[in-house]
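The block underneath contains the structure these notes are about, expressed in structure tokens.
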Amino acid sequence: MGSVLSACGLKKKKVQEERHLRANDREFNCSFQYANNSIKTSKYNIFTFLPLNLFEQFQRLANAYFVFLLILQLIPEISSLSWFTTVVPLLLVLCITLVKDGSDDFNRHKNDRQVNNRKVDVLIDGQLKNEKWMNVQVGDIIKLENDQFVTADLLLLSSSEPLNLVYIETAELDGETNLKVKQALTVTGDLGGNIDKLASFNGEVRCEAPNNRLDKFTGTLTVQGETFALDNERILLRGCTLRNTEWCFGLVMFAGPDTKLMQNSGRSVFKRTSIDRLMNVLVLIIFGLLAFMCTILAIGNGIWEYQQGSSFTAFLPRQNGANAAFSGFLTFWSYVIILNTVVPISLYVSVEILRLGNSFYIDWDRKMYHSKTDTPAQARTTTLNEELGQIKYIFSDKTGTLTQNIMTFNRCSINGKSYGEVVDFSGQRVEITEKTPKVDFSWNSLADPKFCFHDHMLVEAVKQGSTEVQAFFRLLALCHTVMPEEKTEGELFYQAQSPDEGALVTAARNFGFVFRSRTPETISVVEMGVNVTYELLAVLDFNNVRKRMSVIVRSPAGKLTLFCKGADTIIYERLHPSCSKLMEVTTEHLNEYAGEGLRTLALAYKDLDEAEFEVWRERHHEASTALDDREEKLDAIYEEIEKDLVLIGATAVEDKLQDGVPQTIEQLSKADIKIWVLTGDKQETAENIGYSCNMLREEMTEVFIIAADTAEGVREELVNARKKMSPGSPDEPLFVKRRFTGKKTQTVLDEKVDGEYGLVINGHSLAHGLQKDLQLELLRTACMCQTVICCRVTPLQKAQVVELVKKYKKAVTLAIGDGANDVSMIKAAHIGVGISGQEGMQAVLSSDYSFAQFRYLQRLLLVHGRWSYLRMCKFLRYFFYKNFSFTFVHFWYGFFCGFSAQTMYDEWFITMYNLVYTALPVIGLSLFDQDVNDRWSLQYPQLYAPGQQSLYFSKMAFVRILLHSCYNSLILFFIPYAAMQDTVRDDGKDIADYQSFALLVQTCLLVVVNVQLGLDTHYWTAVNQFFLWGSLSVYFAVIFTLYSNGMFLIFTSSFPFIGTARNSLNQPNVWLTIFMTTILCVLPVVAFRFLLIQLRPTINDKVRHKVRQAKAVPPPPPRRFPRRRISTRRSGYAFSHARGYGDLVTSGRFLRRPVKSRPTLFPLAESPLAENSPQIYRNIGEGEQSS
């Protein structure tokens, strides 16, 4: 029984408090019933698919209503329509949805199988066996090789690298692409790759239970009675990738659903649009209206039977025991069946067709196709399109979503001169494009071919032997903690813990100062073709307080030099007074670079005296070996030597944004969409990107930083920020409370703010802010800001932030990301968008929509989303209008037919009204209509606002539709009734019979609803015209056929309206009545809309007026040259969040195997340093021609 429950997903798991496992002992570990390494991201299995999917579908009250209606139709006493008229469309809708949802979940199962069937080497019975991932169990020892994904959460035992280090990429977990270093314990590192030793290893681990904390791990390892502490530095998490490490062995600690990746992934939820939820409410209102009308008619029937019924018993005898009350009861249910067209099943079929059509528009949009990666946009769900037109909050990942994960060396300032710009012959700045000529680095055989630079002046200065320029690049080649790797001669790969640092070392490499190799005591550099080895005497490492790093080296000539790089404000405080003038010029350059959103860094050096350095070195050794306050003592020692520096210049690195990101964010902001960035990256990096994207701007009144470590501190910072933005803000939030169907909801109202504000909050502060007693304060403060950036957040925190906004704000949310760390956020939001980028496909597989570039988001929302919402609202308004008008005529007719539940129309007209006569015109309207085209939609993002406020379809709009339909039905019934009452034909014969009256009313109805459709259509196509005129033609063709003598003679009981069409429609007074009825129905609508446009025009009216005036597509927006702005805010260099490799570099044990000595790559005569004779270079034009 337990296995069946487990298969159905109903068995409750036992909560773990602690995990205890033993290596290489499956029997012992199985006794704890730990999960195996199989994962499941699908929603259904073979047992739960049918019941669970049907349960989700019957959350639509209309579907449940049609089942109830079907039961009524099976009762002969009250059934006035055949049972199959309900069951066939209902089954059709349920089956279409079943197939669609089944297909989506099948793809999830397929992806799960693909992951579960990956292979890995597992140590079983003393041998390495190639096993599937899903067969891996807790306590197994597995072997990973370079570039393999980590199979499960592992305790690192040993590796191929010195010091038992491994390098891992964590992009799937935290979005960062720079490599992280992990190191095994010495006791397990000694096992090495010896299979016998590993097979006999029986260490026991006690550690924390499975949880979602990515940055923390606590546990102990017991080996031969000795206990060792375990922390996060010893753990490899599932989802990481092994890089630059030949092999490593690990002990499985958490598998499958217990891994931190899966603990953070969130659960799959059934998403419904706000219109779906509103429809449920409206369906209840319609049920109430239906019950009210049926009650009135049933009471009428009871009274009529009581007063008049006895007169008809002669030819309509009553059944035994039947009386007026019982007749009224039966009539009530008969009218329930007749009036069911207020909620027709065809509505839901049409809605699915409409959503499917709009999904195809997204799939087919060539303007959202990315040719470089051959990736089209994809609507992975068909049920959420109109929700795209109502987005209020966007939650975006940073790395890989806003940025390309590429750092580029863009600009630099050397000795007061700025490099990196391209100017024409007149000295005017030229915009850099793909066609701009690039610097030719073919003279440097060790140059990185991917490196791109456009200012030829800098390379000329290097070649001409400029002392300052060469000192600049020498510093970049020496002052860092980058690890080099050279697998083949001349092919260098740099492993940098910060991508910025890698970009700077690569820049130095291309300009002739190639960092080649290092040992704990030396750094080898190729300077303009000459091999130079510097003695590395000290590394003064970076930390978050120092915001700088230095190295002290001795050149081959014996010269001692300290090279330092760091944040300009920190470096400036330590400069020699003689640098004041250079500092002023460099500051101007730094302000210019920061204004362009670049990440800046100042460079300086200092020549050291040998005797002074020796004294300092002894004190440094004492501080580095101190047991107490080591960090503080080292910082003080560093301060002593890092002073009186000489400024060299500054660098500017661009964290390269995806194409069109700033413009997209600007467009979305104009559409009043608030963008929150939720990133696992560090605060400084996230802030820099915020400024680069124009999300944070210097013009903002203030940008608040929330960084407190305690709950009270966070509360105080949040309250202070809120009071600054709105001094009159009340202490308690203003709620709007709603109660519906027993569910109580609270919505926090928006508060008015003067000015624009930004908010930056880090991970530990956010953890406090998300606690129950602080979350409303966090929400209020954040929602008052134009931009919110959350740094160092875990995947689960991303989902919690989304859930917080969803819970307390009456707003539609969208989450967009590209990595596995974004999956929980994507699942939590109303709409999830995946970017198929460099971090795998997990985000795409969990998303509702996917494409290749962030910039396509503006087209998805402002064009497809807005059109989908507009079309859906028009469709629903028109559908309710035509069906209410149709149904209410039955109600008025009840008062003239003795409340006998007789239908007003011909039975065939009732059958075909929704399926044939009015189906295609409204689908044509819903698939092709657009108020303005895509160019105008993008030019005026303000057109998006009505969707956010649900102006096009709401309860109020529904009431207006109800009143409009009621008025129409009165005209449609009583005008033909009055016109036909005492009317005769041209030949004097009577025309006032039931069948002629029914034909006239239904013809009037069809003409009126089609004219109304024409008034609602803004964009006419050939298809619309064909559907509209075709439907009217089909109607007249059908009635002349069905009302013919032949049909009556063949099927006498089914076609009683013999000759009605030709007898009625050849009379002028009938056509005059149709014309008068149409005018009376349409005239108030035209008059009301005319007055509304004149007195209270909407943004749509204004833009459409501009379109008519322009009589063409809008002019293309002027090309805006990147504005050169000066910034006093420094977009600081983003050092690694953790300490660098400094300790490992100088540990006395080398991280990499020594590289063999190499011959000089450049003859000495080719070096300007070796020969002072004038150098002759080709000009750029010649270089281009020859290449």
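Ligands are numbered from 1 in the order shown, chains are lettered A, B, ... in the order of the structure tokens, and residues start at 1 in each chain.
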Write out as a PDB file with N, CA, C and O atoms, in the first residue's frame the residues lying within 6 Å of region 246-258 of chain A, counting only C-alpha atoms and excluding same-chain residues fewer than 4 positions away.
```pdb
ATOM      1  N   ASN A  36      16.840   8.427  -3.366  1.00  0.00           N
ATOM      2  CA  ASN A  36      17.898   8.159  -4.339  1.00  0.00           C
ATOM      3  C   ASN A  36      18.064   9.369  -5.251  1.00  0.00           C
ATOM      4  O   ASN A  36      17.434  10.409  -5.041  1.00  0.00           O
ATOM      5  N   ASN A  37      18.878   9.236  -6.281  1.00  0.00           N
ATOM      6  CA  ASN A  37      19.264  10.406  -7.071  1.00  0.00           C
ATOM      7  C   ASN A  37      18.325  10.686  -8.245  1.00  0.00           C
ATOM      8  O   ASN A  37      18.630  11.478  -9.117  1.00  0.00           O
ATOM      9  N   SER A  38      17.179  10.042  -8.272  1.00  0.00           N
ATOM     10  CA  SER A  38      16.201  10.288  -9.331  1.00  0.00           C
ATOM     11  C   SER A  38      15.438  11.577  -9.023  1.00  0.00           C
ATOM     12  O   SER A  38      15.050  11.824  -7.881  1.00  0.00           O
ATOM     13  N   ILE A  39      15.215  12.416 -10.050  1.00  0.00           N
ATOM     14  CA  ILE A  39      14.477  13.670  -9.847  1.00  0.00           C
ATOM     15  C   ILE A  39      13.164  13.636 -10.618  1.00  0.00           C
ATOM     16  O   ILE A  39      13.005  12.886 -11.578  1.00  0.00           O
ATOM     17  N   VAL A 138      22.889   7.583  -1.555  1.00  0.00           N
ATOM     18  CA  VAL A 138      23.634   8.261  -0.494  1.00  0.00           C
ATOM     19  C   VAL A 138      24.689   7.310   0.047  1.00  0.00           C
ATOM     20  O   VAL A 138      24.421   6.124   0.296  1.00  0.00           O
ATOM     21  N   GLY A 139      25.911   7.804   0.226  1.00  0.00           N
ATOM     22  CA  GLY A 139      27.010   6.993   0.723  1.00  0.00           C
ATOM     23  C   GLY A 139      27.895   6.434  -0.362  1.00  0.00           C
ATOM     24  O   GLY A 139      28.987   5.922  -0.082  1.00  0.00           O
ATOM     25  N   ASP A 140      27.471   6.524  -1.629  1.00  0.00           N
ATOM     26  CA  ASP A 140      28.309   6.057  -2.739  1.00  0.00           C
ATOM     27  C   ASP A 140      29.477   7.013  -2.956  1.00  0.00           C
ATOM     28  O   ASP A 140      29.362   8.228  -2.717  1.00  0.00           O
ATOM     29  N   ILE A 141      30.579   6.467  -3.421  1.00  0.00           N
ATOM     30  CA  ILE A 141      31.715   7.291  -3.847  1.00  0.00           C
ATOM     31  C   ILE A 141      31.714   7.304  -5.375  1.00  0.00           C
ATOM     32  O   ILE A 141      31.654   6.248  -6.015  1.00  0.00           O
ATOM     33  N   ILE A 142      31.730   8.499  -5.951  1.00  0.00           N
ATOM     34  CA  ILE A 142      31.674   8.618  -7.412  1.00  0.00           C
ATOM     35  C   ILE A 142      32.883   9.396  -7.914  1.00  0.00           C
ATOM     36  O   ILE A 142      33.488  10.182  -7.189  1.00  0.00           O
ATOM     37  N   LYS A 143      33.206   9.136  -9.174  1.00  0.00           N
ATOM     38  CA  LYS A 143      34.330   9.813  -9.809  1.00  0.00           C
ATOM     39  C   LYS A 143      33.791  10.769 -10.868  1.00  0.00           C
ATOM     40  O   LYS A 143      33.003  10.380 -11.728  1.00  0.00           O
ATOM     41  N   LEU A 144      34.199  12.027 -10.782  1.00  0.00           N
ATOM     42  CA  LEU A 144      33.825  13.036 -11.779  1.00  0.00           C
ATOM     43  C   LEU A 144      35.058  13.397 -12.601  1.00  0.00           C
ATOM     44  O   LEU A 144      36.179  13.423 -12.067  1.00  0.00           O
ATOM     45  N   GLU A 145      34.829  13.703 -13.870  1.00  0.00           N
ATOM     46  CA  GLU A 145      35.915  14.126 -14.750  1.00  0.00           C
ATOM     47  C   GLU A 145      35.663  15.538 -15.256  1.00  0.00           C
ATOM     48  O   GLU A 145      34.558  16.073 -15.100  1.00  0.00           O
ATOM     49  N   ASN A 146      36.675  16.132 -15.852  1.00  0.00           N
ATOM     50  CA  ASN A 146      36.609  17.530 -16.277  1.00  0.00           C
ATOM     51  C   ASN A 146      35.389  17.794 -17.158  1.00  0.00           C
ATOM     52  O   ASN A 146      35.042  16.991 -18.027  1.00  0.00           O
ATOM     53  N   ALA A 152      25.400  14.778  -7.649  1.00  0.00           N
ATOM     54  CA  ALA A 152      24.592  14.974  -6.436  1.00  0.00           C
ATOM     55  C   ALA A 152      25.396  15.902  -5.530  1.00  0.00           C
ATOM     56  O   ALA A 152      26.465  16.387  -5.909  1.00  0.00           O
ATOM     57  N   ASP A 153      24.895  16.198  -4.340  1.00  0.00           N
ATOM     58  CA  ASP A 153      25.667  16.997  -3.384  1.00  0.00           C
ATOM     59  C   ASP A 153      26.733  16.091  -2.775  1.00  0.00           C
ATOM     60  O   ASP A 153      26.420  15.087  -2.111  1.00  0.00           O
ATOM     61  N   LEU A 154      28.002  16.452  -3.003  1.00  0.00           N
ATOM     62  CA  LEU A 154      29.118  15.572  -2.658  1.00  0.00           C
ATOM     63  C   LEU A 154      30.014  16.199  -1.609  1.00  0.00           C
ATOM     64  O   LEU A 154      30.197  17.420  -1.580  1.00  0.00           O
ATOM     65  N   LEU A 155      30.626  15.327  -0.794  1.00  0.00           N
ATOM     66  CA  LEU A 155      31.762  15.719   0.025  1.00  0.00           C
ATOM     67  C   LEU A 155      33.005  15.413  -0.792  1.00  0.00           C
ATOM     68  O   LEU A 155      33.245  14.262  -1.186  1.00  0.00           O
ATOM     69  N   LEU A 156      33.792  16.442  -1.105  1.00  0.00           N
ATOM     70  CA  LEU A 156      34.997  16.259  -1.913  1.00  0.00           C
ATOM     71  C   LEU A 156      36.012  15.440  -1.117  1.00  0.00           C
ATOM     72  O   LEU A 156      36.378  15.806   0.010  1.00  0.00           O
ATOM     73  N   LEU A 157      36.471  14.333  -1.712  1.00  0.00           N
ATOM     74  CA  LEU A 157      37.441  13.463  -1.039  1.00  0.00           C
ATOM     75  C   LEU A 157      38.855  13.709  -1.533  1.00  0.00           C
ATOM     76  O   LEU A 157      39.776  13.884  -0.734  1.00  0.00           O
ATOM     77  N   SER A 158      39.041  13.726  -2.866  1.00  0.00           N
ATOM     78  CA  SER A 158      40.384  13.920  -3.409  1.00  0.00           C
ATOM     79  C   SER A 158      40.267  14.394  -4.847  1.00  0.00           C
ATOM     80  O   SER A 158      39.196  14.303  -5.455  1.00  0.00           O
ATOM     81  N   SER A 159      41.390  14.881  -5.378  1.00  0.00           N
ATOM     82  CA  SER A 159      41.359  15.350  -6.759  1.00  0.00           C
ATOM     83  C   SER A 159      42.723  15.173  -7.395  1.00  0.00           C
ATOM     84  O   SER A 159      43.718  14.873  -6.716  1.00  0.00           O
ATOM     85  N   SER A 160      42.777  15.394  -8.712  1.00  0.00           N
ATOM     86  CA  SER A 160      44.022  15.253  -9.466  1.00  0.00           C
ATOM     87  C   SER A 160      44.948  16.440  -9.265  1.00  0.00           C
ATOM     88  O   SER A 160      46.113  16.384  -9.643  1.00  0.00           O
ATOM     89  N   PRO A 210      18.539  17.864   4.847  1.00  0.00           N
ATOM     90  CA  PRO A 210      18.408  18.579   3.565  1.00  0.00           C
ATOM     91  C   PRO A 210      17.744  19.932   3.741  1.00  0.00           C
ATOM     92  O   PRO A 210      16.751  20.062   4.459  1.00  0.00           O
ATOM     93  N   MET A 262      17.541  21.032  -6.011  1.00  0.00           N
ATOM     94  CA  MET A 262      16.131  20.661  -6.084  1.00  0.00           C
ATOM     95  C   MET A 262      15.342  21.273  -4.930  1.00  0.00           C
ATOM     96  O   MET A 262      14.162  21.592  -5.075  1.00  0.00           O
TER      97      MET A 262
END
```
Residue list (helix (DSSP H, G or I), DSSP) for region 575-814 of chain A, as a PyMOL selection string: chain A and resi 577-595+610-624+630-641+661-670+683-692+711-725+763-769+775-783+795-808
Each residue of region 81-130 of chain A lying at most 9 Å from region 347-363 of chain A should get a row with its shortest atom-to-atom pair and the distance in Å to one decimal, counting only C-alpha atoms; could you produce that, ordered by chain and increasing number, as CSV?
```
residue,atom,partner,partner_atom,distance
A:Pro89,CA,A:Val349,CA,7.9
A:Leu90,CA,A:Val349,CA,9.0
A:Leu92,CA,A:Val349,CA,8.1
A:Val93,CA,A:Val349,CA,6.0
A:Ile96,CA,A:Glu352,CA,8.8
A:Thr97,CA,A:Glu352,CA,8.6
```
For the residues in that selection, give me all heavy atoms as a short mmCIF file (atom, residue, chain, number, x, y, z; two decimals), in the first residue's frame.
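And here's selection05.cif as it stands now:
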```cif
data_model
loop_
_atom_site.label_atom_id
_atom_site.label_comp_id
_atom_site.auth_asym_id
_atom_site.auth_seq_id
_atom_site.Cartn_x
_atom_site.Cartn_y
_atom_site.Cartn_z
N PRO A 89 -19.89 19.01 -26.78
CA PRO A 89 -18.94 20.12 -26.61
C PRO A 89 -18.14 20.04 -25.31
O PRO A 89 -16.96 20.40 -25.30
CB PRO A 89 -19.83 21.38 -26.60
CG PRO A 89 -21.17 20.94 -27.02
CD PRO A 89 -21.26 19.47 -26.87
N LEU A 90 -18.77 19.55 -24.22
CA LEU A 90 -18.07 19.44 -22.94
C LEU A 90 -16.91 18.46 -23.05
O LEU A 90 -15.78 18.76 -22.63
CB LEU A 90 -19.03 19.01 -21.83
CG LEU A 90 -18.42 18.83 -20.45
CD1 LEU A 90 -17.83 20.14 -19.94
CD2 LEU A 90 -19.44 18.30 -19.45
N LEU A 92 -15.39 17.59 -25.73
CA LEU A 92 -14.42 18.16 -26.65
C LEU A 92 -13.47 19.10 -25.91
O LEU A 92 -12.25 19.02 -26.05
CB LEU A 92 -15.14 18.91 -27.78
CG LEU A 92 -14.26 19.52 -28.87
CD1 LEU A 92 -13.58 18.41 -29.66
CD2 LEU A 92 -15.08 20.40 -29.79
N VAL A 93 -14.04 19.98 -25.08
CA VAL A 93 -13.21 20.93 -24.32
C VAL A 93 -12.30 20.20 -23.35
O VAL A 93 -11.09 20.48 -23.26
CB VAL A 93 -14.11 21.94 -23.56
CG1 VAL A 93 -13.28 22.79 -22.62
CG2 VAL A 93 -14.85 22.83 -24.53
N ILE A 96 -9.49 18.27 -25.30
CA ILE A 96 -8.46 19.16 -25.87
C ILE A 96 -7.50 19.59 -24.76
O ILE A 96 -6.27 19.57 -24.93
CB ILE A 96 -9.11 20.39 -26.54
CG1 ILE A 96 -9.80 19.98 -27.85
CG2 ILE A 96 -8.08 21.48 -26.82
CD1 ILE A 96 -10.61 21.09 -28.50
N THR A 97 -8.06 19.97 -23.61
CA THR A 97 -7.21 20.41 -22.50
C THR A 97 -6.38 19.25 -21.96
O THR A 97 -5.21 19.41 -21.61
CB THR A 97 -8.07 21.02 -21.38
OG1 THR A 97 -8.95 21.98 -21.94
CG2 THR A 97 -7.21 21.67 -20.32
#
```
If we count only C-alpha atoms, what is near Cys564 (chain A) at a cut-off of 8 Å, once residues fewer than 5 positions away on the same chain are taken out, given as a tab-separated table (two decimals) with N, CA and C atoms, in the first residue's frame?
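Result file is out_11.tsv:
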```tsv
chain	number	residue	atom	x	y	z
A	475	LEU	N	51.77	46.59	-14.66
A	475	LEU	CA	51.02	46.46	-13.41
A	475	LEU	C	49.86	45.48	-13.57
A	479	CYS	N	49.80	42.45	-10.97
A	479	CYS	CA	49.00	42.67	-9.76
A	479	CYS	C	47.65	41.98	-9.89
A	548	ARG	N	41.03	46.99	-2.31
A	548	ARG	CA	42.23	47.13	-3.14
A	548	ARG	C	43.09	45.90	-2.92
A	549	MET	N	44.01	45.67	-3.84
A	549	MET	CA	45.01	44.61	-3.64
A	549	MET	C	46.35	45.11	-4.15
A	550	SER	N	47.41	44.56	-3.58
A	550	SER	CA	48.76	44.96	-3.98
A	550	SER	C	49.64	43.72	-4.08
A	551	VAL	N	50.69	43.86	-4.89
A	551	VAL	CA	51.76	42.85	-4.89
A	551	VAL	C	53.09	43.59	-4.77
A	603	LEU	N	45.01	52.70	-10.70
A	603	LEU	CA	46.26	51.95	-10.60
A	603	LEU	C	47.38	52.87	-10.09
A	604	ALA	N	48.22	52.32	-9.21
A	604	ALA	CA	49.33	53.12	-8.67
A	604	ALA	C	50.49	52.18	-8.32
A	605	TYR	N	51.66	52.78	-8.14
A	605	TYR	CA	52.83	51.96	-7.77
A	605	TYR	C	53.68	52.74	-6.79
A	642	GLU	N	51.24	50.74	2.05
A	642	GLU	CA	50.45	51.24	0.92
A	642	GLU	C	50.18	52.74	1.11
```
Every residue of region 533-767 of chain A that DSSP places in strand (DSSP E or B), as an MDAnalysis selection string: chainID A and resid 533:540 548:554 560:566 575 599:607 645:657 674:678 702:706 735:740 743:748 757:761
Under the rule of at most 12 Å, produce a per-residue listing of region 780-817 of chain A near region 726-733 of chain A: chain, number, name, the closest pair of atoms, and the distance in Å, as a Markdown table, using only C-alpha atoms.
```
| residue | atom | partner | partner_atom | distance |
| --- | --- | --- | --- | --- |
| A:Arg780 | CA | A:Pro733 | CA | 7.4 |
| A:Thr781 | CA | A:Ser726 | CA | 9.8 |
| A:Met784 | CA | A:Ser726 | CA | 8.8 |
| A:Cys785 | CA | A:Ser726 | CA | 11.0 |
| A:Tyr808 | CA | A:Pro733 | CA | 10.7 |
```
